[in-house]
Amino acid sequence: MVVRVLNVAEKPSAAKEISGLLSGGRGYQTRAGFSPYNKVFEFECDLDRQRVPFVFTSVSGHLKVLDFEDRCRKWGSCSPRALLSRSTSNLVSYVPSEMKPIENTLHREARACTVLILWLDGDSEGENIAYEVMSVCLSKNPRLLVKRARFSAITTQDMRQALDNLGSLNAPLNAMVEARQELDLRAGAAFTRFLTTRVRDEFLVSELKQVVSYGPCQFPTLALVVDRFLTIQSFVPQDFFVIDLTLRFANAGRNVSLKFDWNRSRLFDRFIASAVFEMCYESSIGPDQEQALVVAVQKSQRTRWKPLPLATVEMQKQVSRKLGMSSEVTMQVAEKLYTQGFISYPRTETDVFNRNLNLTELVQNQASDRRWGSFATRLLNPSQDDPIQFQWPRAGKNNDEAHPPIHPTRPAPPNGFESRDMDRLYEYIARRFLACCSVDAKGSETVIVAQVGAELFNAKGMIVERQGFYEVFIYDRWVDKDLPPVATGDRAPIEALELRTGKTEPPPLLSESDLISLMDKHGIGTDATIAQHIQKILERGYVSKNHLKRFQPELLGLALVESYESCQVSLARPYMRAQQEQSLKQISTNSIGKNEMLESALSSFGSMYELLENNARSLDEVFRRIFVQPNATDSWRILQPEVTRCGACTNRLALKQLNKPTARRRGNARTTEPVRRALTCSSCQLNLVMPPFGTLHAFGATCPICGFEVVRIENSERNTEYKICPKCYNDPPSAREVNASGQPRGAFRCFNCSQAGCPLATAVVGGSDTVCCVCPWCSSPCNVRKTNLFRVSCSSSRCNFAYFFPRFVEGVVVTDTTCTNCAAKKLEMTFLRTMLPPGTPQCLLVCIWCDQAYHTVLELTGEPRPRRTATARDIEGVHSAVRAGRGRTSRGVQRSRRGRRGGSRT
DNA sequence: GCAAGGTC
């Protein structure tokens, strides 16, 4: 019989790469599949020492989805409880319509082949997809001989080895995935339907659009946020005591003060601390005693290791921490960079580079970049006196045997990427890669140990001898700390000796990076899904991010966790997912059968369901506070029972109407009196007047000035929205916010505020409305604004000009000084010193267009200068906007502009 | 309308 082999990979890129390797230098032919993305490659290849035709195609992840049978698919068609039992509801697995083209390709190719080789990824999901592909192919050609290829990397060697050692499919591993799918679906659907319908039916919130969902990953994630919140709430500060010592040393003819740390760090017992301090103090008094003795000067070498190769979870954590991008956005941007061929596959657990990968070639690729190209060149062409040279990256401990660590695959486009986020993420990946391929940083640490009485104190100094990878990895710094020249036996006068009292502080709320680490630790989600789970609990309104981008539970999230706990239902505990994964693993090792495991897990979910249902009163109590609508007869008094959080007492503020609505006749038109309304705090006796129009929503962020929760006001008729702090709206923070004639600027919204560090405060000190220069593209006035970054942008709605200041610019003030060259207002800029090389000024007063001082700072950091010239594309953008008679093309920009201009003023 | 896991 003529042998013809059908091969299937998990994604199109893998099919193409493997085809390239297996066909050797002879190349392959490409044909279209029914899906435009999943092409078919054809070539000849040796199999069992015989040259045979190979047909290679791909799927795009899972081919099938799992759902309930029709009978149970509609909400309300059965009790949610029935979804938790295999005897009362059945599941069906089918190919959804969007996957039909791929299925059709497999059908067509399977008919014409005799052997099927499954080249799916080497993880459990890959095994499950292999089964899906097999069932689809066998349905059209039951006589196919099915084989599984196993490989850890897409290299010629691995491919050949896989082909010479074809195996069979791993049924227990597949059974494990099937069990996971079934459990997640049944439990997710049952609890979600129960929670959502209970809210709707019990409280008659018939138009409830919100889903109150349960998911085995989202709930433990929520629990992590709530846990930290409760830890902070219940934190009891403890007094501690520290002895601070400052000594005076002579250095180059000048006296310098040096602070020392106490070797005991701190003591918690007031009496012991006082006694120790007294002894210390006594021994320092006296004619010859007011000196400390230097008892040791210890020198040691210190190394800071270069970073490990980059895996997905680490990327999400670091990019959130260093660039302030959420993990969700990071993954979207990374996906874009990947599909455009700029970086390797962004979903990988691997933090060790395979020795077969040609890293020097990848480094060479970066040599053309104007920002870090010179570093790449130094790596490859080391000179004798240059410590920077190529060294193979350190090896991490994780390897998914499927993808390499994330690295750049080709140089950045010379004119930058289409979005700033792509620019920033690519830069991070490229710099991190070069840092991995360079050398550790080395420094020399000096510790001076001084003695007063019987107590020892230390001061540390550092001389960085080799910056190593820090030269390219600008996200971290290692800086010198000078010490005066001191030798053992020296005596130094005591400048200060004090017993200081401090209080222990609770840990902060979780940052995104903290949350990702905890999810990773507890095995919640995978590298590819962690970001989605975080996004989900935000969307569901269980948690929000405050102005510091830290996660705080919302009332609903807190209530869900608390009420589950009160019913003794352990679904909202961080370890639940890991525990479930553990039981599932037993299926893959054949320690337990799939059916047996499922029956037991489902029965346990069933018990929890019943527990929740029987104790639903406590759940109702909580939901009532959140969802109950005010009594219809009282509706002119209470409009929304719980809108936002009071900054004084943390109670929820209610929105009350202050006047009865009355209709009046003005001429022929019948008009309604505007509603006067206020947020009121029952315990603080506070009334905060609110704008009369628009719906109020809690925004999640907290005002850093007064601690009130920010409110988002949405006016759907005018299609505007803006944010206010309820307190600042009534009581603007200071005279900072006055207009040119010294009058307060009407109603005070977040965008009028210039509070440093608050991302909502987008006004600039000196006034957002102050013109700072003429637009280089269209000659309209330009203002300085602030969103995440400061920027100079054109005020014309028809022009897209904007110059974003680099991230190290942390403050911009428009001054009255003008540039003698171009008449632009000079800007006073303050820089974040930790992001700049040593010796850079911390503050500059400059014209950003003409002053060399600013341009020098930009050159030092590899940032581009502000461009006065527009590209052809920019100009065409302006022209087409003018032709179309509209403003900026982005809807979001248009909306926010209206907000700024007072279109939403009420 | 519900989950989590792949993937474009």
# chains A, B, ... in the order shown; residues from 1 in each chain; ligands from 1

call {"tool": "closest_atom_pairs", "arguments": {"of": "chain A", "to": "chain B", "cutoff": "9 Å", "atoms": "only C-alpha atoms (C1' of nucleotides)", "output": "JSON lines"}}
result
{"residue": "A:Glu10", "atom": "CA", "partner": "B:DT7", "partner_atom": "C1'", "distance": 8.4}
{"residue": "A:Lys11", "atom": "CA", "partner": "B:DT7", "partner_atom": "C1'", "distance": 7.2}
{"residue": "A:Tyr37", "atom": "CA", "partner": "B:DC8", "partner_atom": "C1'", "distance": 7.7}
{"residue": "A:Val59", "atom": "CA", "partner": "B:DT7", "partner_atom": "C1'", "distance": 8.4}
{"residue": "A:Ser60", "atom": "CA", "partner": "B:DT7", "partner_atom": "C1'", "distance": 4.7}
{"residue": "A:Gly61", "atom": "CA", "partner": "B:DG6", "partner_atom": "C1'", "distance": 4.3}
{"residue": "A:His62", "atom": "CA", "partner": "B:DG6", "partner_atom": "C1'", "distance": 5.1}
{"residue": "A:Leu63", "atom": "CA", "partner": "B:DG6", "partner_atom": "C1'", "distance": 8.8}
{"residue": "A:Trp75", "atom": "CA", "partner": "B:DG1", "partner_atom": "C1'", "distance": 8.0}
{"residue": "A:Glu125", "atom": "CA", "partner": "B:DG6", "partner_atom": "C1'", "distance": 6.9}
{"residue": "A:Gly126", "atom": "CA", "partner": "B:DG6", "partner_atom": "C1'", "distance": 8.2}
{"residue": "A:Ile129", "atom": "CA", "partner": "B:DG6", "partner_atom": "C1'", "distance": 8.2}
{"residue": "A:Arg180", "atom": "CA", "partner": "B:DA4", "partner_atom": "C1'", "distance": 8.4}
{"residue": "A:Gln181", "atom": "CA", "partner": "B:DA4", "partner_atom": "C1'", "distance": 7.1}
{"residue": "A:Leu183", "atom": "CA", "partner": "B:DA3", "partner_atom": "C1'", "distance": 8.6}
{"residue": "A:Asp184", "atom": "CA", "partner": "B:DA3", "partner_atom": "C1'", "distance": 4.9}
{"residue": "A:Leu185", "atom": "CA", "partner": "B:DA3", "partner_atom": "C1'", "distance": 4.8}
{"residue": "A:Arg186", "atom": "CA", "partner": "B:DA3", "partner_atom": "C1'", "distance": 7.9}
{"residue": "A:Ala187", "atom": "CA", "partner": "B:DA3", "partner_atom": "C1'", "distance": 7.6}
{"residue": "A:Gly188", "atom": "CA", "partner": "B:DA3", "partner_atom": "C1'", "distance": 4.8}
{"residue": "A:Ala189", "atom": "CA", "partner": "B:DC2", "partner_atom": "C1'", "distance": 4.2}
{"residue": "A:Ala190", "atom": "CA", "partner": "B:DC2", "partner_atom": "C1'", "distance": 7.5}
{"residue": "A:Phe191", "atom": "CA", "partner": "B:DC2", "partner_atom": "C1'", "distance": 8.2}
{"residue": "A:Thr192", "atom": "CA", "partner": "B:DC2", "partner_atom": "C1'", "distance": 5.5}
{"residue": "A:Arg193", "atom": "CA", "partner": "B:DC2", "partner_atom": "C1'", "distance": 6.4}
{"residue": "A:Lys209", "atom": "CA", "partner": "B:DG1", "partner_atom": "C1'", "distance": 8.6}
{"residue": "A:Gln210", "atom": "CA", "partner": "B:DG1", "partner_atom": "C1'", "distance": 8.9}
{"residue": "A:Val211", "atom": "CA", "partner": "B:DG1", "partner_atom": "C1'", "distance": 7.1}
{"residue": "A:Ser213", "atom": "CA", "partner": "B:DC2", "partner_atom": "C1'", "distance": 7.0}
{"residue": "A:Tyr214", "atom": "CA", "partner": "B:DA3", "partner_atom": "C1'", "distance": 8.1}
{"residue": "A:Gly215", "atom": "CA", "partner": "B:DA3", "partner_atom": "C1'", "distance": 5.6}
{"residue": "A:Pro216", "atom": "CA", "partner": "B:DA3", "partner_atom": "C1'", "distance": 7.3}
{"residue": "A:Cys217", "atom": "CA", "partner": "B:DA4", "partner_atom": "C1'", "distance": 7.8}
{"residue": "A:Thr339", "atom": "CA", "partner": "B:DC8", "partner_atom": "C1'", "distance": 8.1}
{"residue": "A:Gly525", "atom": "CA", "partner": "B:DA4", "partner_atom": "C1'", "distance": 7.9}
{"residue": "A:Thr526", "atom": "CA", "partner": "B:DG5", "partner_atom": "C1'", "distance": 8.6}
{"residue": "A:Ala528", "atom": "CA", "partner": "B:DG5", "partner_atom": "C1'", "distance": 8.9}
{"residue": "A:Thr529", "atom": "CA", "partner": "B:DG5", "partner_atom": "C1'", "distance": 8.0}

call {"tool": "write_last_selection", "arguments": {"atoms": "N, CA, C and O atoms", "output": "short mmCIF file (atom, residue, chain, number, x, y, z; two decimals), in the first residue's frame"}}
result
data_model
loop_
_atom_site.label_atom_id
_atom_site.label_comp_id
_atom_site.auth_asym_id
_atom_site.auth_seq_id
_atom_site.Cartn_x
_atom_site.Cartn_y
_atom_site.Cartn_z
N GLU A 10 0.07 22.03 16.70
CA GLU A 10 -0.90 22.74 17.53
C GLU A 10 -1.21 24.14 17.02
O GLU A 10 -2.24 24.71 17.31
N LYS A 11 -0.27 24.69 16.26
CA LYS A 11 -0.50 26.04 15.73
C LYS A 11 0.21 26.19 14.40
O LYS A 11 1.16 25.45 14.12
N TYR A 37 -5.73 30.65 8.01
CA TYR A 37 -4.52 30.70 8.83
C TYR A 37 -3.78 29.36 8.85
O TYR A 37 -2.59 29.32 9.10
N VAL A 59 -3.81 22.88 13.75
CA VAL A 59 -5.05 23.41 14.33
C VAL A 59 -4.66 24.74 14.99
O VAL A 59 -3.52 25.17 14.87
N SER A 60 -5.61 25.38 15.67
CA SER A 60 -5.27 26.58 16.46
C SER A 60 -5.73 26.33 17.88
O SER A 60 -6.76 26.79 18.32
N GLY A 61 -4.94 25.53 18.60
CA GLY A 61 -5.34 25.17 19.95
C GLY A 61 -6.45 24.13 19.91
O GLY A 61 -6.50 23.29 19.00
N HIS A 62 -7.34 24.21 20.90
CA HIS A 62 -8.41 23.21 20.97
C HIS A 62 -9.33 23.28 19.76
O HIS A 62 -9.63 24.36 19.26
N LEU A 63 -9.75 22.11 19.33
CA LEU A 63 -10.63 22.01 18.16
C LEU A 63 -12.08 21.92 18.62
O LEU A 63 -12.99 22.31 17.89
N TRP A 75 -30.49 28.82 30.75
CA TRP A 75 -30.63 29.10 32.17
C TRP A 75 -32.09 28.87 32.56
O TRP A 75 -32.99 29.23 31.82
N GLU A 125 -2.48 19.62 27.84
CA GLU A 125 -3.46 20.18 26.90
C GLU A 125 -3.15 19.68 25.49
O GLU A 125 -4.05 19.40 24.70
N GLY A 126 -1.86 19.59 25.17
CA GLY A 126 -1.44 19.10 23.86
C GLY A 126 -1.95 17.68 23.63
O GLY A 126 -2.41 17.32 22.53
N ILE A 129 -5.62 17.88 22.86
CA ILE A 129 -5.86 18.34 21.49
C ILE A 129 -5.54 17.21 20.51
O ILE A 129 -6.21 17.03 19.50
N ARG A 180 -10.73 17.70 34.12
CA ARG A 180 -10.62 19.11 34.50
C ARG A 180 -11.67 19.95 33.79
O ARG A 180 -12.36 20.77 34.38
N GLN A 181 -11.82 19.69 32.49
CA GLN A 181 -12.81 20.45 31.71
C GLN A 181 -14.21 20.25 32.27
O GLN A 181 -14.97 21.20 32.44
N LEU A 183 -15.17 19.22 35.29
CA LEU A 183 -15.36 19.81 36.63
C LEU A 183 -15.51 21.32 36.55
O LEU A 183 -16.40 21.90 37.18
N ASP A 184 -14.63 21.96 35.78
CA ASP A 184 -14.67 23.42 35.68
C ASP A 184 -16.01 23.88 35.11
O ASP A 184 -16.60 24.85 35.59
N LEU A 185 -16.47 23.18 34.08
CA LEU A 185 -17.72 23.59 33.45
C LEU A 185 -18.91 23.39 34.39
O LEU A 185 -19.71 24.28 34.60
N ARG A 186 -18.96 22.21 34.97
CA ARG A 186 -20.13 21.91 35.82
C ARG A 186 -20.18 22.84 37.02
O ARG A 186 -21.21 23.44 37.32
N ALA A 187 -19.05 22.96 37.71
CA ALA A 187 -19.04 23.79 38.92
C ALA A 187 -19.24 25.27 38.54
O ALA A 187 -20.02 25.98 39.19
N GLY A 188 -18.56 25.71 37.50
CA GLY A 188 -18.67 27.11 37.09
C GLY A 188 -20.10 27.46 36.75
O GLY A 188 -20.65 28.46 37.23
N ALA A 189 -20.73 26.64 35.93
CA ALA A 189 -22.09 26.94 35.49
C ALA A 189 -23.08 26.85 36.66
O ALA A 189 -23.93 27.72 36.84
N ALA A 190 -22.93 25.81 37.48
CA ALA A 190 -23.90 25.61 38.56
C ALA A 190 -23.87 26.78 39.54
O ALA A 190 -24.91 27.37 39.84
N PHE A 191 -22.69 27.13 40.02
CA PHE A 191 -22.62 28.20 41.03
C PHE A 191 -22.93 29.56 40.42
O PHE A 191 -23.51 30.41 41.08
N THR A 192 -22.51 29.77 39.17
CA THR A 192 -22.79 31.07 38.54
C THR A 192 -24.29 31.25 38.36
O THR A 192 -24.86 32.31 38.66
N ARG A 193 -24.96 30.22 37.85
CA ARG A 193 -26.41 30.35 37.66
C ARG A 193 -27.11 30.54 39.00
O ARG A 193 -28.02 31.35 39.13
N LYS A 209 -27.88 43.17 34.76
CA LYS A 209 -27.04 42.82 33.60
C LYS A 209 -25.78 42.11 34.09
O LYS A 209 -25.12 41.42 33.36
N GLN A 210 -25.49 42.33 35.35
CA GLN A 210 -24.27 41.79 35.90
C GLN A 210 -24.39 40.31 36.17
O GLN A 210 -25.42 39.85 36.64
N VAL A 211 -23.35 39.59 35.85
CA VAL A 211 -23.32 38.17 36.20
C VAL A 211 -22.50 38.04 37.47
O VAL A 211 -21.44 38.63 37.59
N SER A 213 -20.46 35.55 39.04
CA SER A 213 -19.95 34.25 38.59
C SER A 213 -19.07 33.58 39.63
O SER A 213 -18.47 34.23 40.49
N TYR A 214 -19.02 32.27 39.52
CA TYR A 214 -18.03 31.49 40.26
C TYR A 214 -17.13 30.81 39.24
O TYR A 214 -17.61 30.31 38.21
N GLY A 215 -15.85 30.78 39.50
CA GLY A 215 -14.93 30.00 38.67
C GLY A 215 -13.81 29.50 39.55
O GLY A 215 -13.41 30.19 40.48
N PRO A 216 -13.32 28.28 39.31
CA PRO A 216 -12.31 27.69 40.18
C PRO A 216 -10.97 28.43 40.13
O PRO A 216 -10.10 28.15 40.95
N CYS A 217 -10.79 29.35 39.19
CA CYS A 217 -9.59 30.19 39.22
C CYS A 217 -9.92 31.59 39.70
O CYS A 217 -9.19 32.19 40.46
N THR A 339 3.00 38.05 16.54
CA THR A 339 2.42 37.75 15.22
C THR A 339 3.10 38.58 14.13
O THR A 339 3.08 38.20 12.97
N GLY A 525 -4.41 29.16 37.57
CA GLY A 525 -4.26 29.56 36.17
C GLY A 525 -2.91 29.13 35.61
O GLY A 525 -2.09 28.53 36.30
N THR A 526 -2.71 29.41 34.34
CA THR A 526 -1.44 29.10 33.69
C THR A 526 -0.82 30.42 33.23
O THR A 526 -1.46 31.45 33.31
N ALA A 528 -0.58 31.55 30.46
CA ALA A 528 -1.38 32.19 29.42
C ALA A 528 -2.70 32.73 29.96
O ALA A 528 -3.35 33.53 29.30
N THR A 529 -3.12 32.27 31.14
CA THR A 529 -4.47 32.66 31.59
C THR A 529 -4.50 33.52 32.86
O THR A 529 -5.53 34.07 33.19
#

call {"tool": "select_by_dssp", "arguments": {"residues": "stretch 355-418 of chain A", "states": "alpha helix (DSSP H)", "output": "PyMOL selection string"}}
result
chain A and resi 359-365+373-380

call {"tool": "residues_around", "arguments": {"residues": "A:Leu653", "least_positions_apart": "4", "cutoff": "6 Å", "atoms": "only C-alpha atoms (C1' of nucleotides)", "output": "short mmCIF file (atom, residue, chain, number, x, y, z; two decimals) with N, CA, C and O atoms, in the first residue's frame"}}
result
data_model
loop_
_atom_site.label_atom_id
_atom_site.label_comp_id
_atom_site.auth_asym_id
_atom_site.auth_seq_id
_atom_site.Cartn_x
_atom_site.Cartn_y
_atom_site.Cartn_z
N GLU A 642 -25.88 52.76 47.97
CA GLU A 642 -24.46 52.69 48.31
C GLU A 642 -23.66 53.02 47.07
O GLU A 642 -23.51 52.18 46.19
N VAL A 643 -23.17 54.22 46.99
CA VAL A 643 -22.46 54.61 45.78
C VAL A 643 -20.96 54.46 45.93
O VAL A 643 -20.29 53.81 45.14
N THR A 644 -20.44 55.05 46.99
CA THR A 644 -18.98 55.11 47.09
C THR A 644 -18.57 55.19 48.55
O THR A 644 -19.41 55.25 49.43
N ARG A 645 -17.27 55.18 48.79
CA ARG A 645 -16.77 55.08 50.16
C ARG A 645 -16.44 56.45 50.74
O ARG A 645 -15.80 57.28 50.07
N LEU A 679 -24.40 63.22 47.94
CA LEU A 679 -23.94 61.98 48.58
C LEU A 679 -23.93 62.24 50.08
O LEU A 679 -23.39 63.26 50.53
N THR A 680 -24.51 61.32 50.82
CA THR A 680 -24.57 61.57 52.26
C THR A 680 -23.97 60.40 53.04
O THR A 680 -24.13 59.25 52.66
N CYS A 681 -23.27 60.77 54.08
CA CYS A 681 -22.71 59.74 54.97
C CYS A 681 -23.49 59.82 56.28
O CYS A 681 -23.48 60.85 56.94
#

call {"tool": "atom_distance", "arguments": {"atom1": "atom CA of A:Leu696", "atom2": "atom CA of A:Arg677"}}
result
11.1 Å

call {"tool": "residues_around", "arguments": {"residues": "A:Trp372", "least_positions_apart": "4", "cutoff": "8 Å", "atoms": "only C-alpha atoms (C1' of nucleotides)", "output": "list in words"}}
result
Gln366, Ala367, Ala376, Arg431, Val472 and Gly862 of chain A

call {"tool": "select_by_dssp", "arguments": {"residues": "stretch 433-566 of chain A", "states": "strand (DSSP E)", "output": "PyMOL selection string"}}
result
chain A and resi 441-452+455-466+491-503+510-511+543-545+550-553

call {"tool": "residues_around", "arguments": {"residues": "A:Ala698", "least_positions_apart": "6", "cutoff": "12 Å", "atoms": "only C-alpha atoms (C1' of nucleotides)", "output": "PyMOL selection string"}}
result
chain A and resi 541+543-546+554-555+640+642-646+652-655+679+708-714+722-726

call {"tool": "residues_around", "arguments": {"residues": "A:Val226", "least_positions_apart": "3", "cutoff": "6 Å", "atoms": "only C-alpha atoms (C1' of nucleotides)", "output": "ChimeraX atom specification"}}
result
/A:223,229,553

call {"tool": "atom_distance", "arguments": {"atom1": "atom CA of A:Ser257", "atom2": "atom CA of A:Glu455"}}
result
19.4 Å

call {"tool": "atom_distance", "arguments": {"atom1": "atom CA of A:Phe699", "atom2": "atom CA of A:Lys656"}}
result
18.6 Å

call {"tool": "residues_around", "arguments": {"residues": "A:Thr861", "least_positions_apart": "2", "cutoff": "9 Å", "atoms": "only C-alpha atoms (C1' of nucleotides)", "output": "mmCIF file with C-alpha atoms, in the first residue's frame"}}
result
data_model
loop_
_atom_site.group_PDB
_atom_site.id
_atom_site.type_symbol
_atom_site.label_atom_id
_atom_site.label_comp_id
_atom_site.auth_asym_id
_atom_site.auth_seq_id
_atom_site.Cartn_x
_atom_site.Cartn_y
_atom_site.Cartn_z
ATOM 1 C CA ARG A 371 19.364 52.866 21.847
ATOM 2 C CA ILE A 474 18.041 50.447 32.683
ATOM 3 C CA MET A 835 16.234 56.156 36.096
ATOM 4 C CA LEU A 836 19.110 58.365 34.967
ATOM 5 C CA PRO A 837 22.857 57.867 34.881
ATOM 6 C CA THR A 856 21.787 65.729 26.201
ATOM 7 C CA VAL A 857 19.691 63.978 28.847
ATOM 8 C CA LEU A 858 17.648 62.351 26.073
ATOM 9 C CA GLU A 859 20.770 61.161 24.285
ATOM 10 C CA GLU A 863 15.249 58.572 24.130
ATOM 11 C CA PRO A 864 14.288 60.332 20.888
#

call {"tool": "decode", "arguments": {"residues": "stretch 154-175 of chain A", "atoms": "N, CA and C atoms", "output": "mmCIF file, in the first residue's frame"}}
result
data_model
loop_
_atom_site.group_PDB
_atom_site.id
_atom_site.type_symbol
_atom_site.label_atom_id
_atom_site.label_comp_id
_atom_site.auth_asym_id
_atom_site.auth_seq_id
_atom_site.Cartn_x
_atom_site.Cartn_y
_atom_site.Cartn_z
ATOM 1 N N ILE A 154 11.757 22.718 18.846
ATOM 2 C CA ILE A 154 11.653 22.554 17.396
ATOM 3 C C ILE A 154 13.036 22.734 16.789
ATOM 4 N N THR A 155 13.821 21.650 16.808
ATOM 5 C CA THR A 155 15.154 21.658 16.198
ATOM 6 C C THR A 155 15.247 20.410 15.319
ATOM 7 N N THR A 156 16.169 20.431 14.346
ATOM 8 C CA THR A 156 16.311 19.291 13.422
ATOM 9 C C THR A 156 16.514 18.002 14.209
ATOM 10 N N GLN A 157 17.397 18.115 15.212
ATOM 11 C CA GLN A 157 17.735 16.924 15.991
ATOM 12 C C GLN A 157 16.497 16.342 16.690
ATOM 13 N N ASP A 158 15.733 17.211 17.364
ATOM 14 C CA ASP A 158 14.541 16.751 18.078
ATOM 15 C C ASP A 158 13.504 16.187 17.125
ATOM 16 N N MET A 159 13.364 16.814 15.963
ATOM 17 C CA MET A 159 12.360 16.360 14.989
ATOM 18 C C MET A 159 12.703 14.947 14.517
ATOM 19 N N ARG A 160 13.996 14.761 14.210
ATOM 20 C CA ARG A 160 14.436 13.458 13.687
ATOM 21 C C ARG A 160 14.214 12.387 14.754
ATOM 22 N N GLN A 161 14.592 12.761 15.984
ATOM 23 C CA GLN A 161 14.456 11.795 17.083
ATOM 24 C C GLN A 161 12.977 11.438 17.305
ATOM 25 N N ALA A 162 12.113 12.452 17.218
ATOM 26 C CA ALA A 162 10.677 12.222 17.412
ATOM 27 C C ALA A 162 10.158 11.271 16.340
ATOM 28 N N LEU A 163 10.631 11.469 15.124
ATOM 29 C CA LEU A 163 10.148 10.667 13.997
ATOM 30 C C LEU A 163 10.641 9.220 14.099
ATOM 31 N N ASP A 164 11.850 9.062 14.645
ATOM 32 C CA ASP A 164 12.396 7.711 14.780
ATOM 33 C C ASP A 164 11.821 6.977 15.982
ATOM 34 N N ASN A 165 11.165 7.732 16.882
ATOM 35 C CA ASN A 165 10.629 7.086 18.095
ATOM 36 C C ASN A 165 9.150 7.413 18.268
ATOM 37 N N LEU A 166 8.384 7.252 17.206
ATOM 38 C CA LEU A 166 6.960 7.583 17.290
ATOM 39 C C LEU A 166 6.284 6.689 18.330
ATOM 40 N N GLY A 167 5.416 7.282 19.142
ATOM 41 C CA GLY A 167 4.760 6.493 20.187
ATOM 42 C C GLY A 167 3.254 6.502 20.002
ATOM 43 N N SER A 168 2.580 6.108 21.059
ATOM 44 C CA SER A 168 1.118 6.147 20.998
ATOM 45 C C SER A 168 0.640 7.244 21.941
ATOM 46 N N LEU A 169 -0.645 7.506 21.921
ATOM 47 C CA LEU A 169 -1.174 8.603 22.737
ATOM 48 C C LEU A 169 -1.238 8.200 24.207
ATOM 49 N N ASN A 170 -1.197 9.225 25.061
ATOM 50 C CA ASN A 170 -1.201 8.980 26.499
ATOM 51 C C ASN A 170 -2.633 9.152 27.020
ATOM 52 N N ALA A 171 -3.337 8.025 27.148
ATOM 53 C CA ALA A 171 -4.757 8.088 27.512
ATOM 54 C C ALA A 171 -5.002 8.674 28.909
ATOM 55 N N PRO A 172 -4.216 8.276 29.926
ATOM 56 C CA PRO A 172 -4.489 8.839 31.259
ATOM 57 C C PRO A 172 -4.299 10.363 31.308
ATOM 58 N N LEU A 173 -3.292 10.847 30.567
ATOM 59 C CA LEU A 173 -3.051 12.295 30.555
ATOM 60 C C LEU A 173 -4.246 13.010 29.937
ATOM 61 N N ASN A 174 -4.771 12.436 28.871
ATOM 62 C CA ASN A 174 -5.951 12.999 28.221
ATOM 63 C C ASN A 174 -7.151 12.953 29.160
ATOM 64 N N ALA A 175 -7.290 11.846 29.868
ATOM 65 C CA ALA A 175 -8.421 11.700 30.788
ATOM 66 C C ALA A 175 -8.366 12.771 31.868
#
